[in-house]
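Okay, work-v4.cif is below, mmCIF, N, CA and C atoms:
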data_start
loop_
_atom_site.label_atom_id
_atom_site.label_comp_id
_atom_site.auth_asym_id
_atom_site.auth_seq_id
_atom_site.Cartn_x
_atom_site.Cartn_y
_atom_site.Cartn_z
N MET A 112 0.82 -1.19 0.00
CA MET A 112 0.00 0.00 0.00
C MET A 112 0.87 1.26 0.00
N LYS A 113 2.01 1.19 0.70
CA LYS A 113 2.90 2.32 0.76
C LYS A 113 3.48 2.63 -0.62
N VAL A 114 3.77 1.59 -1.40
CA VAL A 114 4.30 1.76 -2.75
C VAL A 114 3.26 2.47 -3.62
N PHE A 115 2.00 2.04 -3.52
CA PHE A 115 0.92 2.67 -4.29
C PHE A 115 0.79 4.15 -3.92
N SER A 116 0.86 4.44 -2.64
CA SER A 116 0.75 5.81 -2.17
C SER A 116 1.90 6.66 -2.71
N SER A 117 3.10 6.11 -2.71
CA SER A 117 4.27 6.84 -3.22
C SER A 117 4.15 7.07 -4.73
N LEU A 118 3.71 6.05 -5.46
CA LEU A 118 3.53 6.19 -6.91
C LEU A 118 2.45 7.22 -7.23
N PHE A 119 1.37 7.20 -6.46
CA PHE A 119 0.28 8.15 -6.66
C PHE A 119 0.78 9.58 -6.42
N SER A 120 1.54 9.77 -5.36
CA SER A 120 2.10 11.09 -5.06
C SER A 120 3.04 11.56 -6.16
N LEU A 121 3.85 10.63 -6.66
CA LEU A 121 4.77 10.96 -7.75
C LEU A 121 4.00 11.34 -9.01
N ALA A 122 2.92 10.62 -9.31
CA ALA A 122 2.11 10.93 -10.48
C ALA A 122 1.48 12.32 -10.35
N ILE A 123 0.95 12.64 -9.19
CA ILE A 123 0.33 13.96 -8.96
C ILE A 123 1.38 15.06 -9.12
N ALA A 124 2.55 14.85 -8.56
CA ALA A 124 3.62 15.85 -8.66
C ALA A 124 4.05 16.03 -10.12
N SER A 125 4.12 14.95 -10.88
CA SER A 125 4.50 15.03 -12.29
C SER A 125 3.48 15.82 -13.10
N VAL A 126 2.20 15.54 -12.87
CA VAL A 126 1.14 16.26 -13.57
C VAL A 126 1.21 17.74 -13.23
N ALA A 127 1.41 18.05 -11.98
CA ALA A 127 1.49 19.45 -11.55
C ALA A 127 2.68 20.14 -12.23
N LEU A 128 3.78 19.46 -12.32
CA LEU A 128 4.98 20.03 -12.93
C LEU A 128 4.77 20.26 -14.42
N ILE A 129 4.16 19.29 -15.09
CA ILE A 129 3.92 19.39 -16.52
C ILE A 129 2.94 20.52 -16.83
N SER A 130 1.94 20.69 -15.98
CA SER A 130 0.92 21.70 -16.25
C SER A 130 1.38 23.11 -15.93
N CYS A 131 2.48 23.25 -15.23
CA CYS A 131 3.00 24.58 -14.95
C CYS A 131 3.45 25.23 -16.24
N GLY A 132 3.29 26.53 -16.34
CA GLY A 132 3.68 27.25 -17.55
C GLY A 132 5.19 27.37 -17.65
N SER A 133 5.61 27.81 -18.79
CA SER A 133 7.02 28.00 -19.04
C SER A 133 7.26 29.46 -19.40
N ASP A 134 8.45 29.96 -19.10
CA ASP A 134 8.73 31.33 -19.49
C ASP A 134 9.55 31.40 -20.77
N ASP A 135 9.62 30.29 -21.50
CA ASP A 135 10.31 30.27 -22.78
C ASP A 135 9.30 30.54 -23.89
N ALA A 136 9.69 31.35 -24.85
CA ALA A 136 8.82 31.65 -25.98
C ALA A 136 8.55 30.37 -26.77
N LYS A 137 7.32 30.22 -27.20
CA LYS A 137 6.92 29.06 -28.00
C LYS A 137 6.76 29.50 -29.45
N THR A 138 6.87 28.56 -30.36
CA THR A 138 6.65 28.85 -31.77
C THR A 138 5.19 29.22 -32.00
N ILE A 139 4.97 30.25 -32.77
CA ILE A 139 3.60 30.64 -33.12
C ILE A 139 3.30 30.05 -34.49
N LYS A 140 2.14 29.44 -34.61
CA LYS A 140 1.77 28.76 -35.85
C LYS A 140 0.58 29.45 -36.51
N VAL A 141 0.57 29.40 -37.84
CA VAL A 141 -0.57 29.90 -38.60
C VAL A 141 -1.82 29.13 -38.14
N GLY A 142 -2.89 29.86 -37.94
CA GLY A 142 -4.15 29.25 -37.53
C GLY A 142 -4.44 29.35 -36.05
N GLU A 143 -3.41 29.65 -35.24
CA GLU A 143 -3.66 29.85 -33.81
C GLU A 143 -4.47 31.13 -33.64
N GLN A 144 -5.19 31.23 -32.53
CA GLN A 144 -6.07 32.36 -32.32
C GLN A 144 -5.39 33.48 -31.54
N CYS A 145 -5.62 34.71 -31.99
CA CYS A 145 -5.13 35.89 -31.29
C CYS A 145 -5.97 36.08 -30.03
N GLU A 146 -5.30 36.25 -28.92
CA GLU A 146 -5.98 36.40 -27.63
C GLU A 146 -6.81 37.68 -27.56
N HIS A 147 -6.41 38.71 -28.27
CA HIS A 147 -7.10 40.00 -28.17
C HIS A 147 -8.28 40.12 -29.15
N CYS A 148 -8.03 39.92 -30.44
CA CYS A 148 -9.09 40.13 -31.43
C CYS A 148 -9.81 38.85 -31.81
N LYS A 149 -9.28 37.72 -31.37
CA LYS A 149 -9.86 36.39 -31.60
C LYS A 149 -9.79 35.92 -33.05
N MET A 150 -9.06 36.64 -33.90
CA MET A 150 -8.89 36.21 -35.28
C MET A 150 -7.75 35.20 -35.36
N SER A 151 -7.74 34.43 -36.45
CA SER A 151 -6.66 33.48 -36.67
C SER A 151 -5.39 34.21 -37.05
N ILE A 152 -4.28 33.71 -36.54
CA ILE A 152 -2.98 34.26 -36.93
C ILE A 152 -2.66 33.72 -38.31
N GLU A 153 -2.53 34.62 -39.28
CA GLU A 153 -2.30 34.23 -40.67
C GLU A 153 -0.89 34.56 -41.16
N ASN A 154 -0.23 35.52 -40.53
CA ASN A 154 1.11 35.89 -40.93
C ASN A 154 1.98 35.96 -39.67
N VAL A 155 2.74 34.90 -39.44
CA VAL A 155 3.52 34.81 -38.20
C VAL A 155 4.65 35.84 -38.12
N LYS A 156 5.00 36.46 -39.22
CA LYS A 156 6.07 37.48 -39.18
C LYS A 156 5.67 38.71 -38.39
N TYR A 157 4.37 38.87 -38.11
CA TYR A 157 3.88 39.98 -37.30
C TYR A 157 3.39 39.52 -35.93
N ALA A 158 3.43 38.23 -35.67
CA ALA A 158 2.86 37.67 -34.44
C ALA A 158 3.73 38.00 -33.23
N THR A 159 3.07 38.03 -32.06
CA THR A 159 3.75 38.31 -30.81
C THR A 159 3.28 37.35 -29.74
N GLU A 160 4.00 37.34 -28.63
CA GLU A 160 3.65 36.44 -27.54
C GLU A 160 3.91 37.13 -26.21
N LEU A 161 3.02 36.87 -25.27
CA LEU A 161 3.15 37.42 -23.92
C LEU A 161 3.06 36.24 -22.96
N ILE A 162 4.01 36.14 -22.06
CA ILE A 162 4.02 35.07 -21.07
C ILE A 162 3.93 35.71 -19.69
N THR A 163 2.86 35.38 -18.98
CA THR A 163 2.63 35.99 -17.67
C THR A 163 3.64 35.49 -16.65
N GLU A 164 3.65 36.15 -15.52
CA GLU A 164 4.53 35.78 -14.42
C GLU A 164 4.28 34.33 -13.99
N LYS A 165 3.02 33.87 -14.12
CA LYS A 165 2.66 32.50 -13.75
C LYS A 165 2.90 31.49 -14.88
N GLY A 166 3.35 31.96 -16.05
CA GLY A 166 3.67 31.07 -17.15
C GLY A 166 2.58 30.86 -18.18
N LYS A 167 1.47 31.58 -18.07
CA LYS A 167 0.39 31.47 -19.05
C LYS A 167 0.84 32.18 -20.33
N ILE A 168 0.65 31.51 -21.47
CA ILE A 168 1.10 32.04 -22.75
C ILE A 168 -0.08 32.57 -23.55
N TYR A 169 0.05 33.81 -24.01
CA TYR A 169 -0.96 34.44 -24.86
C TYR A 169 -0.28 34.80 -26.19
N LYS A 170 -0.96 34.50 -27.29
CA LYS A 170 -0.41 34.77 -28.62
C LYS A 170 -1.29 35.81 -29.32
N PHE A 171 -0.64 36.64 -30.15
CA PHE A 171 -1.33 37.74 -30.82
C PHE A 171 -0.90 37.82 -32.28
N ASP A 172 -1.79 38.31 -33.13
CA ASP A 172 -1.47 38.38 -34.56
C ASP A 172 -0.78 39.67 -34.97
N ASP A 173 -0.61 40.59 -34.04
CA ASP A 173 -0.03 41.89 -34.36
C ASP A 173 0.45 42.53 -33.06
N ILE A 174 1.48 43.34 -33.13
CA ILE A 174 1.95 44.08 -31.96
C ILE A 174 0.82 44.93 -31.39
N LYS A 175 0.01 45.50 -32.28
CA LYS A 175 -1.12 46.33 -31.85
C LYS A 175 -2.08 45.54 -30.95
N CYS A 176 -2.34 44.27 -31.29
CA CYS A 176 -3.22 43.43 -30.47
C CYS A 176 -2.61 43.15 -29.10
N MET A 177 -1.30 42.87 -29.07
CA MET A 177 -0.66 42.61 -27.79
C MET A 177 -0.72 43.85 -26.90
N ASN A 178 -0.47 45.01 -27.48
CA ASN A 178 -0.54 46.25 -26.71
C ASN A 178 -1.96 46.51 -26.22
N GLY A 179 -2.95 46.26 -27.06
CA GLY A 179 -4.35 46.43 -26.66
C GLY A 179 -4.72 45.51 -25.52
N TYR A 180 -4.27 44.26 -25.61
CA TYR A 180 -4.55 43.29 -24.55
C TYR A 180 -3.88 43.73 -23.25
N ALA A 181 -2.64 44.16 -23.34
CA ALA A 181 -1.90 44.59 -22.15
C ALA A 181 -2.58 45.79 -21.48
N ASN A 182 -3.06 46.73 -22.30
CA ASN A 182 -3.75 47.90 -21.75
C ASN A 182 -5.06 47.53 -21.06
N SER A 183 -5.75 46.52 -21.58
CA SER A 183 -7.04 46.10 -21.03
C SER A 183 -6.91 45.12 -19.87
N ASN A 184 -5.75 44.53 -19.71
CA ASN A 184 -5.54 43.48 -18.71
C ASN A 184 -4.29 43.73 -17.90
N ALA A 185 -4.16 44.93 -17.40
CA ALA A 185 -2.95 45.33 -16.68
C ALA A 185 -2.62 44.39 -15.52
N ASP A 186 -3.64 43.85 -14.86
CA ASP A 186 -3.40 42.95 -13.74
C ASP A 186 -2.76 41.63 -14.16
N LYS A 187 -3.05 41.17 -15.38
CA LYS A 187 -2.51 39.90 -15.87
C LYS A 187 -1.09 40.03 -16.41
N VAL A 188 -0.70 41.22 -16.79
CA VAL A 188 0.58 41.37 -17.49
C VAL A 188 1.70 41.96 -16.63
N VAL A 189 1.46 42.09 -15.35
CA VAL A 189 2.51 42.56 -14.45
C VAL A 189 3.67 41.56 -14.50
N ASN A 190 4.85 42.05 -14.75
CA ASN A 190 6.07 41.23 -14.85
C ASN A 190 6.02 40.19 -15.97
N ALA A 191 5.19 40.40 -16.96
CA ALA A 191 5.11 39.47 -18.09
C ALA A 191 6.33 39.62 -18.98
N LYS A 192 6.66 38.55 -19.69
CA LYS A 192 7.72 38.60 -20.69
C LYS A 192 7.02 38.73 -22.04
N THR A 193 7.54 39.62 -22.87
CA THR A 193 6.93 39.82 -24.18
C THR A 193 7.94 39.52 -25.28
N TYR A 194 7.41 38.92 -26.33
CA TYR A 194 8.24 38.53 -27.47
C TYR A 194 7.58 39.01 -28.75
N VAL A 195 8.39 39.37 -29.72
CA VAL A 195 7.93 39.75 -31.04
C VAL A 195 8.68 38.87 -32.04
N THR A 196 8.15 38.80 -33.25
CA THR A 196 8.80 37.99 -34.27
C THR A 196 9.77 38.84 -35.06
N ASP A 197 10.99 38.36 -35.16
CA ASP A 197 12.00 39.00 -36.00
C ASP A 197 11.52 38.84 -37.45
N TYR A 198 11.20 39.94 -38.10
CA TYR A 198 10.58 39.89 -39.42
C TYR A 198 11.38 39.05 -40.43
N PRO A 199 12.70 39.23 -40.56
CA PRO A 199 13.43 38.45 -41.56
C PRO A 199 13.49 36.95 -41.26
N SER A 200 13.71 36.57 -40.01
CA SER A 200 13.94 35.15 -39.70
C SER A 200 12.69 34.41 -39.25
N GLY A 201 11.71 35.15 -38.72
CA GLY A 201 10.49 34.50 -38.21
C GLY A 201 10.65 33.93 -36.82
N LYS A 202 11.78 34.18 -36.16
CA LYS A 202 11.96 33.64 -34.81
C LYS A 202 11.54 34.67 -33.76
N LEU A 203 11.10 34.18 -32.62
CA LEU A 203 10.69 35.08 -31.54
C LEU A 203 11.90 35.64 -30.81
N ILE A 204 11.85 36.94 -30.55
CA ILE A 204 12.91 37.62 -29.83
C ILE A 204 12.27 38.46 -28.72
N GLU A 205 13.04 38.80 -27.72
CA GLU A 205 12.51 39.62 -26.63
C GLU A 205 12.14 41.00 -27.14
N PHE A 206 10.97 41.47 -26.73
CA PHE A 206 10.46 42.78 -27.13
C PHE A 206 11.49 43.87 -26.87
N GLU A 207 12.09 43.85 -25.70
CA GLU A 207 13.02 44.90 -25.29
C GLU A 207 14.28 44.94 -26.13
N LYS A 208 14.63 43.83 -26.79
CA LYS A 208 15.85 43.77 -27.58
C LYS A 208 15.62 44.04 -29.06
N ALA A 209 14.36 44.24 -29.45
CA ALA A 209 14.03 44.43 -30.85
C ALA A 209 14.16 45.89 -31.27
N THR A 210 14.43 46.07 -32.56
CA THR A 210 14.38 47.38 -33.19
C THR A 210 13.12 47.37 -34.05
N PHE A 211 12.32 48.43 -33.95
CA PHE A 211 11.04 48.47 -34.64
C PHE A 211 11.05 49.52 -35.74
N ILE A 212 10.33 49.20 -36.82
CA ILE A 212 10.05 50.20 -37.86
C ILE A 212 8.54 50.20 -38.05
N LYS A 213 8.02 51.36 -38.43
CA LYS A 213 6.58 51.50 -38.54
C LYS A 213 6.23 52.44 -39.68
N GLY A 214 5.15 52.10 -40.39
CA GLY A 214 4.62 52.99 -41.42
C GLY A 214 5.07 52.59 -42.81
N GLY A 215 5.18 53.58 -43.68
CA GLY A 215 5.54 53.31 -45.07
C GLY A 215 4.55 52.35 -45.70
N SER A 216 5.06 51.37 -46.42
CA SER A 216 4.19 50.39 -47.08
C SER A 216 3.97 49.12 -46.24
N ILE A 217 4.36 49.15 -44.97
CA ILE A 217 4.16 47.99 -44.09
C ILE A 217 2.66 47.83 -43.82
N LYS A 218 2.16 46.64 -44.02
CA LYS A 218 0.74 46.34 -43.77
C LYS A 218 0.66 45.10 -42.89
N SER A 219 0.45 45.31 -41.61
CA SER A 219 0.33 44.18 -40.68
C SER A 219 -1.14 43.80 -40.51
N PRO A 220 -1.41 42.63 -39.97
CA PRO A 220 -2.79 42.11 -39.91
C PRO A 220 -3.83 43.04 -39.29
N MET A 221 -3.52 43.72 -38.21
CA MET A 221 -4.52 44.53 -37.52
C MET A 221 -4.24 46.03 -37.61
N GLY A 222 -3.41 46.39 -38.56
CA GLY A 222 -3.18 47.81 -38.81
C GLY A 222 -2.15 48.47 -37.92
N GLY A 223 -1.42 47.68 -37.14
CA GLY A 223 -0.34 48.27 -36.34
C GLY A 223 0.79 48.73 -37.24
N ASN A 224 0.93 48.05 -38.39
CA ASN A 224 1.91 48.39 -39.43
C ASN A 224 3.31 48.60 -38.89
N MET A 225 3.71 47.66 -38.02
CA MET A 225 5.01 47.72 -37.37
C MET A 225 5.71 46.37 -37.55
N GLN A 226 7.01 46.43 -37.78
CA GLN A 226 7.83 45.22 -37.88
C GLN A 226 8.93 45.27 -36.84
N ALA A 227 9.34 44.10 -36.36
CA ALA A 227 10.41 43.98 -35.38
C ALA A 227 11.63 43.33 -36.03
N TYR A 228 12.79 43.79 -35.61
CA TYR A 228 14.05 43.26 -36.14
C TYR A 228 15.02 43.01 -34.98
N GLU A 229 15.68 41.87 -35.05
CA GLU A 229 16.71 41.56 -34.06
C GLU A 229 17.98 42.36 -34.37
N ASN A 230 18.25 42.54 -35.65
CA ASN A 230 19.45 43.20 -36.11
C ASN A 230 19.12 44.63 -36.55
N LYS A 231 19.75 45.59 -35.92
CA LYS A 231 19.48 47.01 -36.21
C LYS A 231 19.82 47.38 -37.65
N GLU A 232 20.88 46.81 -38.19
CA GLU A 232 21.27 47.10 -39.58
C GLU A 232 20.20 46.61 -40.55
N GLU A 233 19.62 45.45 -40.28
CA GLU A 233 18.55 44.94 -41.13
C GLU A 233 17.32 45.85 -41.05
N ALA A 234 17.06 46.39 -39.88
CA ALA A 234 15.94 47.32 -39.71
C ALA A 234 16.18 48.58 -40.54
N GLU A 235 17.41 49.07 -40.56
CA GLU A 235 17.73 50.25 -41.35
C GLU A 235 17.54 50.00 -42.84
N LYS A 236 17.95 48.82 -43.32
CA LYS A 236 17.74 48.46 -44.73
C LYS A 236 16.25 48.37 -45.04
N ALA A 237 15.50 47.77 -44.13
CA ALA A 237 14.05 47.60 -44.32
C ALA A 237 13.33 48.94 -44.35
N LYS A 238 13.82 49.91 -43.60
CA LYS A 238 13.21 51.24 -43.61
C LYS A 238 13.20 51.80 -45.03
N LYS A 239 14.30 51.62 -45.75
CA LYS A 239 14.38 52.11 -47.13
C LYS A 239 13.45 51.29 -48.03
N GLU A 240 13.48 49.98 -47.84
CA GLU A 240 12.64 49.09 -48.67
C GLU A 240 11.16 49.38 -48.52
N PHE A 241 10.70 49.66 -47.30
CA PHE A 241 9.29 49.88 -47.05
C PHE A 241 8.90 51.36 -47.04
N GLY A 242 9.85 52.25 -47.33
CA GLY A 242 9.55 53.68 -47.40
C GLY A 242 9.21 54.29 -46.05
N VAL A 243 9.86 53.78 -45.01
CA VAL A 243 9.63 54.30 -43.66
C VAL A 243 10.55 55.49 -43.44
N GLU A 244 10.01 56.56 -42.89
CA GLU A 244 10.83 57.75 -42.63
C GLU A 244 11.45 57.71 -41.24
#
In structure tokens, what does this structure look like?
Amino acid sequence: MKVFSSLFSLAIASVALISCGSDDAKTIKVGEQCEHCKMSIENVKYATELITEKGKIYKFDDIKCMNGYANSNADKVVNAKTYVTDYPSGKLIEFEKATFIKGGSIKSPMGGNMQAYENKEEAEKAKKEFGVE
């Protein structure tokens, strides 16, 4: 009986550990739902991710949606980690480390019309390509 009790406790602990959130950015896939506007994410190059202090992951189809969600849910986003997609590579990078360009001919899903770049030189080249001032 003691063995069963120990195994049961181990199983409960494992489930609890697995269900805990992670603070690592996850890949965003086409077809996932934006937490703010509830539309499907169709272009991952503009997608963003917010991970709460407790590890809950929220995905967004545009920087504008993530900002809107954060403004409406200030209590949920305290100490959250935010990630944006590096436009050229499609990989998630920390919001604070990104260089952003906005405007020109950039057309993002929800009209934020902003792109994120991990590399500042690439952002400068893109400014010319997209006619950003």
Strand (DSSP E or B) residues, from DSSP on the backbone, in chain A, as a ChimeraX atom specification = /A:144,151,159-162,168-171,192-197,203-205,210-213,225-228
Expansion of the PyMOL selection byres ((chain A and resi 156-167) around 5) into residues, as an MDAnalysis selection string | chainID A and resid 132:133 154:155 168:173 190:196
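Reported to one decimal place, the separation of atom C of Pro220 (chain A) from CA of Pro199 (chain A) is 18.0 Å.
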Calculate how many Å separate CA of Ala234 (chain A) from CA of Ile217 (chain A), rounding to one decimal.
->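 A separation of 12.6 Å between them.
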Which residues match the PyMOL selection byres ((chain A and resi 207-213) around 8) in the file above, as a PyMOL selection string?
-> chain A and resi 193-195+197+204-206+214-217+223-231+234-235+237-238+241-244
Result set of the PyMOL selection byres ((chain A and resi 146-150) around 8) on the coordinates above, as a ChimeraX atom specification = /A:142-145,151-153,169-172,175-177,179-181
Expected file contents, prior selection, N, CA and C atoms, as a PDB file, in the frame of the given file:
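The new file result.pdb reads:
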ATOM      1  N   GLY A 142      -2.890  29.860 -37.940  1.00  0.00           N
ATOM      2  CA  GLY A 142      -4.150  29.250 -37.530  1.00  0.00           C
ATOM      3  C   GLY A 142      -4.440  29.350 -36.050  1.00  0.00           C
ATOM      4  N   GLU A 143      -3.410  29.650 -35.240  1.00  0.00           N
ATOM      5  CA  GLU A 143      -3.660  29.850 -33.810  1.00  0.00           C
ATOM      6  C   GLU A 143      -4.470  31.130 -33.640  1.00  0.00           C
ATOM      7  N   GLN A 144      -5.190  31.230 -32.530  1.00  0.00           N
ATOM      8  CA  GLN A 144      -6.070  32.360 -32.320  1.00  0.00           C
ATOM      9  C   GLN A 144      -5.390  33.480 -31.540  1.00  0.00           C
ATOM     10  N   CYS A 145      -5.620  34.710 -31.990  1.00  0.00           N
ATOM     11  CA  CYS A 145      -5.130  35.890 -31.290  1.00  0.00           C
ATOM     12  C   CYS A 145      -5.970  36.080 -30.030  1.00  0.00           C
ATOM     13  N   SER A 151      -7.740  34.430 -36.450  1.00  0.00           N
ATOM     14  CA  SER A 151      -6.660  33.480 -36.670  1.00  0.00           C
ATOM     15  C   SER A 151      -5.390  34.210 -37.050  1.00  0.00           C
ATOM     16  N   ILE A 152      -4.280  33.710 -36.540  1.00  0.00           N
ATOM     17  CA  ILE A 152      -2.980  34.260 -36.930  1.00  0.00           C
ATOM     18  C   ILE A 152      -2.660  33.720 -38.310  1.00  0.00           C
ATOM     19  N   GLU A 153      -2.530  34.620 -39.280  1.00  0.00           N
ATOM     20  CA  GLU A 153      -2.300  34.230 -40.670  1.00  0.00           C
ATOM     21  C   GLU A 153      -0.890  34.560 -41.160  1.00  0.00           C
ATOM     22  N   TYR A 169       0.050  33.810 -24.010  1.00  0.00           N
ATOM     23  CA  TYR A 169      -0.960  34.440 -24.860  1.00  0.00           C
ATOM     24  C   TYR A 169      -0.280  34.800 -26.190  1.00  0.00           C
ATOM     25  N   LYS A 170      -0.960  34.500 -27.290  1.00  0.00           N
ATOM     26  CA  LYS A 170      -0.410  34.770 -28.620  1.00  0.00           C
ATOM     27  C   LYS A 170      -1.290  35.810 -29.320  1.00  0.00           C
ATOM     28  N   PHE A 171      -0.640  36.640 -30.150  1.00  0.00           N
ATOM     29  CA  PHE A 171      -1.330  37.740 -30.820  1.00  0.00           C
ATOM     30  C   PHE A 171      -0.900  37.820 -32.280  1.00  0.00           C
ATOM     31  N   ASP A 172      -1.790  38.310 -33.130  1.00  0.00           N
ATOM     32  CA  ASP A 172      -1.470  38.380 -34.560  1.00  0.00           C
ATOM     33  C   ASP A 172      -0.780  39.670 -34.970  1.00  0.00           C
ATOM     34  N   LYS A 175       0.010  45.500 -32.280  1.00  0.00           N
ATOM     35  CA  LYS A 175      -1.120  46.330 -31.850  1.00  0.00           C
ATOM     36  C   LYS A 175      -2.080  45.540 -30.950  1.00  0.00           C
ATOM     37  N   CYS A 176      -2.340  44.270 -31.290  1.00  0.00           N
ATOM     38  CA  CYS A 176      -3.220  43.430 -30.470  1.00  0.00           C
ATOM     39  C   CYS A 176      -2.610  43.150 -29.100  1.00  0.00           C
ATOM     40  N   MET A 177      -1.300  42.870 -29.070  1.00  0.00           N
ATOM     41  CA  MET A 177      -0.660  42.610 -27.790  1.00  0.00           C
ATOM     42  C   MET A 177      -0.720  43.850 -26.900  1.00  0.00           C
ATOM     43  N   GLY A 179      -2.950  46.260 -27.060  1.00  0.00           N
ATOM     44  CA  GLY A 179      -4.350  46.430 -26.660  1.00  0.00           C
ATOM     45  C   GLY A 179      -4.720  45.510 -25.520  1.00  0.00           C
ATOM     46  N   TYR A 180      -4.270  44.260 -25.610  1.00  0.00           N
ATOM     47  CA  TYR A 180      -4.550  43.290 -24.550  1.00  0.00           C
ATOM     48  C   TYR A 180      -3.880  43.730 -23.250  1.00  0.00           C
ATOM     49  N   ALA A 181      -2.640  44.160 -23.340  1.00  0.00           N
ATOM     50  CA  ALA A 181      -1.900  44.590 -22.150  1.00  0.00           C
ATOM     51  C   ALA A 181      -2.580  45.790 -21.480  1.00  0.00           C
TER      52      ALA A 181
END
Distance criterion (all atoms listed in the file): nearest to Leu203 (chain A) out of A:Lys236, A:Lys218, A:Lys187, A:Lys137 = A:Lys137
